[in-house]
file data.txt (compact mmCIF, C-alpha atoms)
# COMPACT_ATOMS: atom_id res chain seq x y z
CA MET A 1 44.68 -23.37 -20.60
CA SER A 2 44.43 -19.61 -20.82
CA PHE A 3 43.37 -17.21 -23.51
CA ILE A 4 43.91 -13.49 -23.82
CA ILE A 5 41.70 -11.20 -25.87
CA GLY A 6 43.74 -8.64 -27.77
CA ALA A 7 42.71 -5.26 -29.13
CA ASN A 8 43.28 -1.66 -28.11
CA SER A 9 43.95 -0.37 -24.59
CA ALA A 10 41.97 1.48 -21.98
CA VAL A 11 42.88 3.29 -18.80
CA ALA A 12 41.65 2.88 -15.22
CA GLY A 13 42.88 4.96 -12.33
CA GLY A 14 45.94 6.12 -14.22
CA PHE A 15 47.14 2.60 -15.06
CA ASP A 16 46.98 0.91 -18.43
CA ILE A 17 44.58 -1.95 -18.97
CA ASP A 18 45.77 -3.62 -22.15
CA ASN A 19 43.90 -5.62 -24.77
CA SER A 20 40.35 -4.28 -24.49
CA CYS A 21 37.55 -5.17 -26.91
CA ARG A 22 34.41 -3.11 -27.53
CA PHE A 23 31.22 -5.20 -27.43
CA ASP A 24 28.25 -3.51 -29.10
CA GLY A 25 25.42 -5.17 -27.16
CA SER A 26 23.71 -6.45 -30.29
CA SER A 27 25.82 -9.22 -31.80
CA SER A 28 29.51 -9.01 -30.91
CA HIS A 29 30.95 -11.87 -28.90
CA ILE A 30 33.90 -14.24 -28.83
CA TYR A 31 33.82 -17.96 -28.25
CA LYS A 32 36.08 -20.97 -27.92
CA THR A 33 34.99 -24.58 -28.35
CA PRO A 34 37.13 -27.05 -26.38
CA ALA A 35 38.48 -29.93 -28.43
CA GLY A 36 38.40 -32.14 -25.35
CA THR A 37 36.93 -32.17 -21.87
CA SER A 38 39.18 -30.75 -19.17
CA ASP A 39 38.59 -29.74 -15.54
CA ARG A 40 34.91 -28.88 -15.12
CA ASP A 41 35.14 -28.75 -11.32
CA LYS A 42 37.93 -26.20 -10.79
CA TRP A 43 38.74 -23.06 -12.78
CA THR A 44 39.22 -19.30 -12.50
CA TRP A 45 37.93 -16.53 -14.77
CA SER A 46 39.33 -13.00 -14.65
CA ALA A 47 38.56 -9.87 -16.69
CA TRP A 48 38.46 -6.09 -16.57
CA VAL A 49 35.02 -4.76 -17.52
CA LYS A 50 33.63 -1.32 -18.31
CA ARG A 51 29.87 -1.03 -18.85
CA SER A 52 28.20 1.13 -21.51
CA LYS A 53 24.57 0.21 -20.86
CA LEU A 54 22.73 -0.43 -17.60
CA THR A 55 19.50 -2.18 -16.45
CA THR A 56 19.64 -5.02 -18.97
CA ASP A 57 20.78 -8.63 -18.73
CA GLN A 58 24.32 -8.76 -20.10
CA ASN A 59 26.51 -11.83 -20.03
CA LEU A 60 30.25 -11.55 -19.58
CA PHE A 61 31.07 -15.26 -19.78
CA THR A 62 29.05 -18.40 -20.46
CA GLY A 63 29.83 -22.08 -20.64
CA TYR A 64 26.86 -23.27 -22.68
CA GLU A 65 25.48 -26.75 -23.20
CA ALA A 66 21.75 -26.05 -23.52
CA SER A 67 19.15 -23.47 -22.51
CA THR A 68 18.67 -25.35 -19.25
CA THR A 69 22.32 -26.32 -18.60
CA TYR A 70 24.95 -23.58 -18.48
CA THR A 71 27.40 -21.67 -16.31
CA GLN A 72 27.36 -17.87 -16.51
CA ILE A 73 28.80 -14.62 -15.19
CA LYS A 74 26.57 -11.64 -15.93
CA PHE A 75 25.07 -8.31 -14.92
CA ASP A 76 21.31 -8.62 -14.39
CA THR A 77 18.53 -6.12 -15.05
CA SER A 78 19.09 -4.62 -11.58
CA ASP A 79 22.83 -4.16 -12.32
CA ARG A 80 23.83 -6.82 -9.83
CA LEU A 81 26.62 -9.27 -10.60
CA ASN A 82 25.54 -12.89 -10.95
CA PHE A 83 27.72 -16.02 -11.02
CA ALA A 84 25.62 -19.12 -11.52
CA ASN A 85 25.61 -22.77 -12.55
CA LYS A 86 22.42 -24.43 -13.79
CA ILE A 87 21.90 -28.10 -14.60
CA SER A 88 18.73 -29.39 -16.30
CA GLY A 89 16.81 -26.28 -15.28
CA ALA A 90 17.80 -26.32 -11.58
CA TRP A 91 20.35 -24.05 -9.92
CA ALA A 92 23.45 -25.98 -8.88
CA GLY A 93 25.34 -23.00 -7.47
CA GLU A 94 24.61 -19.26 -7.55
CA LEU A 95 26.01 -16.02 -6.13
CA GLN A 96 24.14 -12.76 -6.77
CA THR A 97 25.45 -9.56 -5.22
CA THR A 98 23.22 -7.19 -3.32
CA ARG A 99 25.27 -4.21 -4.41
CA LYS A 100 24.82 -2.78 -7.88
CA PHE A 101 27.37 -1.79 -10.48
CA ARG A 102 26.07 1.37 -12.12
CA ASP A 103 29.13 3.50 -12.92
CA PRO A 104 29.70 3.51 -16.71
CA SER A 105 32.97 5.42 -16.22
CA ALA A 106 34.50 2.74 -13.97
CA TRP A 107 36.56 -0.31 -14.80
CA TYR A 108 35.63 -3.32 -12.66
CA HIS A 109 38.06 -6.18 -12.25
CA ILE A 110 35.99 -9.34 -11.81
CA VAL A 111 37.38 -12.70 -10.73
CA CYS A 112 35.12 -15.74 -10.39
CA ILE A 113 36.34 -19.05 -9.02
CA TYR A 114 34.55 -22.36 -9.39
CA ASP A 115 35.94 -25.07 -7.10
CA SER A 116 33.19 -27.56 -6.35
CA GLY A 117 35.60 -30.07 -4.83
CA ASN A 118 36.57 -27.66 -2.05
CA GLY A 119 35.95 -29.10 1.41
CA THR A 120 34.75 -25.68 2.62
CA ALA A 121 31.27 -25.26 1.14
CA GLY A 122 31.48 -21.45 1.12
CA ASP A 123 34.63 -21.58 -1.02
CA ARG A 124 33.16 -23.62 -3.87
CA MET A 125 32.11 -20.45 -5.68
CA ILE A 126 33.99 -17.21 -5.02
CA MET A 127 33.67 -13.74 -6.53
CA TYR A 128 36.10 -10.80 -6.28
CA VAL A 129 35.53 -7.26 -7.54
CA ASN A 130 38.50 -4.89 -7.63
CA GLY A 131 40.54 -7.11 -5.35
CA VAL A 132 37.91 -7.49 -2.65
CA ARG A 133 35.96 -10.69 -2.10
CA GLU A 134 32.19 -10.26 -2.36
CA THR A 135 30.48 -11.67 0.74
CA VAL A 136 26.99 -10.15 0.76
CA PHE A 137 24.49 -11.73 -1.61
CA THR A 138 20.75 -11.66 -2.18
CA GLY A 139 20.86 -15.41 -1.65
CA THR A 140 23.36 -18.16 -2.16
CA ASP A 141 23.10 -21.62 -3.65
CA ILE A 142 26.22 -23.60 -2.82
CA PRO A 143 27.22 -26.40 -5.22
CA THR A 144 27.35 -29.90 -3.80
CA VAL A 145 30.76 -31.56 -3.79
CA ASN A 146 32.27 -32.19 -7.23
CA ILE A 147 29.27 -31.07 -9.26
CA ASP A 148 30.28 -30.20 -12.81
CA SER A 149 30.04 -26.79 -14.40
CA SER A 150 29.31 -26.33 -18.11
CA VAL A 151 32.85 -25.05 -18.70
CA ASN A 152 35.67 -27.09 -20.26
CA TRP A 153 33.21 -29.50 -21.86
CA VAL A 154 34.16 -31.07 -25.17
CA SER A 155 32.36 -29.49 -28.16
CA ARG A 156 30.42 -27.09 -25.90
CA PRO A 157 31.40 -23.46 -26.62
CA MET A 158 32.55 -21.00 -23.98
CA TYR A 159 31.42 -17.46 -24.79
CA VAL A 160 32.75 -14.03 -23.85
CA GLY A 161 30.20 -11.24 -24.21
CA SER A 162 27.05 -13.30 -24.76
CA TRP A 163 24.83 -16.16 -23.62
CA GLY A 164 25.17 -18.58 -26.49
CA GLN A 165 25.52 -17.15 -29.98
CA THR A 166 22.25 -15.27 -30.23
CA SER A 167 21.30 -13.45 -27.01
CA ILE A 168 22.15 -11.49 -23.83
CA TYR A 169 25.03 -9.60 -25.39
CA PHE A 170 27.33 -7.40 -23.35
CA ASN A 171 27.50 -3.68 -24.12
CA GLY A 172 30.82 -2.15 -23.12
CA TYR A 173 34.50 -2.99 -22.91
CA ILE A 174 36.14 -6.20 -21.73
CA ALA A 175 39.91 -6.40 -21.28
CA GLU A 176 42.54 -8.93 -20.29
CA VAL A 177 40.26 -11.95 -20.17
CA VAL A 178 42.06 -14.92 -18.64
CA PHE A 179 40.65 -18.40 -18.09
CA ILE A 180 42.70 -20.70 -15.85
CA ASP A 181 41.95 -24.41 -16.10
CA GLY A 182 42.28 -26.59 -13.00
CA GLN A 183 43.31 -23.87 -10.53
CA ALA A 184 41.45 -21.72 -8.01
CA LEU A 185 43.40 -18.44 -8.01
CA ALA A 186 42.77 -15.37 -5.86
CA ALA A 187 42.41 -11.89 -7.33
CA THR A 188 46.01 -11.16 -6.34
CA SER A 189 47.12 -13.45 -9.17
CA PHE A 190 45.87 -10.76 -11.58
CA GLY A 191 46.00 -7.44 -9.76
CA GLU A 192 47.33 -5.48 -6.78
CA PHE A 193 46.61 -2.33 -4.79
CA ASP A 194 48.88 0.52 -5.79
CA GLU A 195 51.01 1.47 -2.79
CA ASP A 196 50.64 5.19 -3.47
CA SER A 197 47.03 5.62 -4.59
CA GLY A 198 45.40 2.51 -3.14
CA ILE A 199 43.80 1.88 -6.54
CA TRP A 200 43.41 -1.72 -7.66
CA LYS A 201 45.49 -2.18 -10.81
CA PRO A 202 46.52 -5.02 -13.12
CA ILE A 203 49.83 -6.81 -12.80
CA ASP A 204 51.91 -8.41 -15.56
call {"tool": "encode", "arguments": {"input": "data.txt", "output": "structure tokens"}}
result
Amino acid sequence: MSFIIGANSAVAGGFDIDNSCRFDGSSSHIYKTPAGTSDRDKWTWSAWVKRSKLTTDQNLFTGYEASTTYTQIKFDTSDRLNFANKISGAWAGELQTTRKFRDPSAWYHIVCIYDSGNGTAGDRMIMYVNGVRETVFTGTDIPTVNIDSSVNWVSRPMYVGSWGQTSIYFNGYIAEVVFIDGQALAATSFGEFDEDSGIWKPID
């Protein structure tokens, strides 16, 4: 399963980034509610993101079951990128970058992979930014083998731009959102480095 968000276009590094949506940080979000349960152990999320507000919690993507059970990708109040899975109030996988994303003029291409069945523990949650894998984190919580995420769960919504329907809204632009069910895909499935400029750019 994949879904693409369509709207107007934006530009990053001289290359078009199609299908961007403006999220106002107060109520705008998009969601999809799966009609059936699919692969909760392996999936890939990719999007181009441009921030308009800093130093606030802002969710980019959430698989939501309850306030204590969810999977999320977000910027935190320190402008770090956080990819986390929580079950019944306990972390069951978390990556939080040490570096901070504070350039409101920049487009960031973010790819997060959840693959809890992977035999290599360090590859069960992976994060790329602009084609480069993030490897330095404030702390890591590695999922145990085959632990479910809150994504692809029947009747549980998956949100873009918020945490649930009422809070932690994203303020900025999100473009070319793609969700891949059942596959762990590297950033090169969505982008490439331009051979002339060295800039990370989207591919068709």
call {"tool": "residues_around", "arguments": {"input": "data.txt", "residues": "Gly164 of chain A", "least_positions_apart": "5", "cutoff": "9 Å", "atoms": "all atoms listed in the file", "output": "ChimeraX atom specification"}}
result
/A:31,62-67,157-159
call {"tool": "residues_around", "arguments": {"input": "data.txt", "residues": "Ile180 of chain A", "least_positions_apart": "6", "cutoff": "12 Å", "atoms": "only C-alpha atoms", "output": "count of residues only"}}
result
24
call {"tool": "closest_residue", "arguments": {"input": "data.txt", "among": "A:His29, A:Arg124, A:Arg133, A:Arg156", "to": "Ala184 of chain A", "atoms": "all atoms listed in the file"}}
result
A:Arg124
call {"tool": "closest_residue", "arguments": {"input": "data.txt", "among": "A:Phe193, A:Leu54, A:Leu95, A:Trp200", "to": "Gln72 of chain A", "atoms": "only C-alpha atoms"}}
result
A:Leu95
call {"tool": "atom_distance", "arguments": {"input": "data.txt", "atom1": "atom CA of Thr37 of chain A", "atom2": "atom CA of Ser150 of chain A"}}
result
10.3 Å
call {"tool": "closest_residue", "arguments": {"input": "data.txt", "among": "A:Gln183, A:Ser116, A:Thr68, A:Thr188", "to": "Trp91 of chain A", "atoms": "only C-alpha atoms"}}
result
A:Thr68
call {"tool": "closest_residue", "arguments": {"input": "data.txt", "among": "A:Ser149, A:Ser105, A:Ser197, A:Asn171", "to": "Thr55 of chain A", "atoms": "only C-alpha atoms"}}
result
A:Asn171
call {"tool": "closest_residue", "arguments": {"input": "data.txt", "among": "A:Ala92, A:Ile126, A:Arg99, A:Gln165", "to": "Asp79 of chain A", "atoms": "only C-alpha atoms"}}
result
A:Arg99
call {"tool": "residues_around", "arguments": {"input": "data.txt", "residues": "Thr56 of chain A", "least_positions_apart": "2", "cutoff": "7 Å", "atoms": "all atoms listed in the file", "output": "PyMOL selection string"}}
result
chain A and resi 54+58+76-77
call {"tool": "residues_around", "arguments": {"input": "data.txt", "residues": "Glu94 of chain A", "least_positions_apart": "5", "cutoff": "10 Å", "atoms": "all atoms listed in the file", "output": "VMD selection string"}}
result
chain A and resid 71 to 73 82 to 86 125 to 126 137 139 to 143
call {"tool": "closest_residue", "arguments": {"input": "data.txt", "among": "A:Thr97, A:Ser167, A:Ser155, A:Asn146", "to": "Met127 of chain A", "atoms": "all atoms listed in the file"}}
result
A:Thr97
call {"tool": "atom_distance", "arguments": {"input": "data.txt", "atom1": "atom CA of Ile199 of chain A", "atom2": "atom CA of Tyr128 of chain A"}}
result
14.8 Å
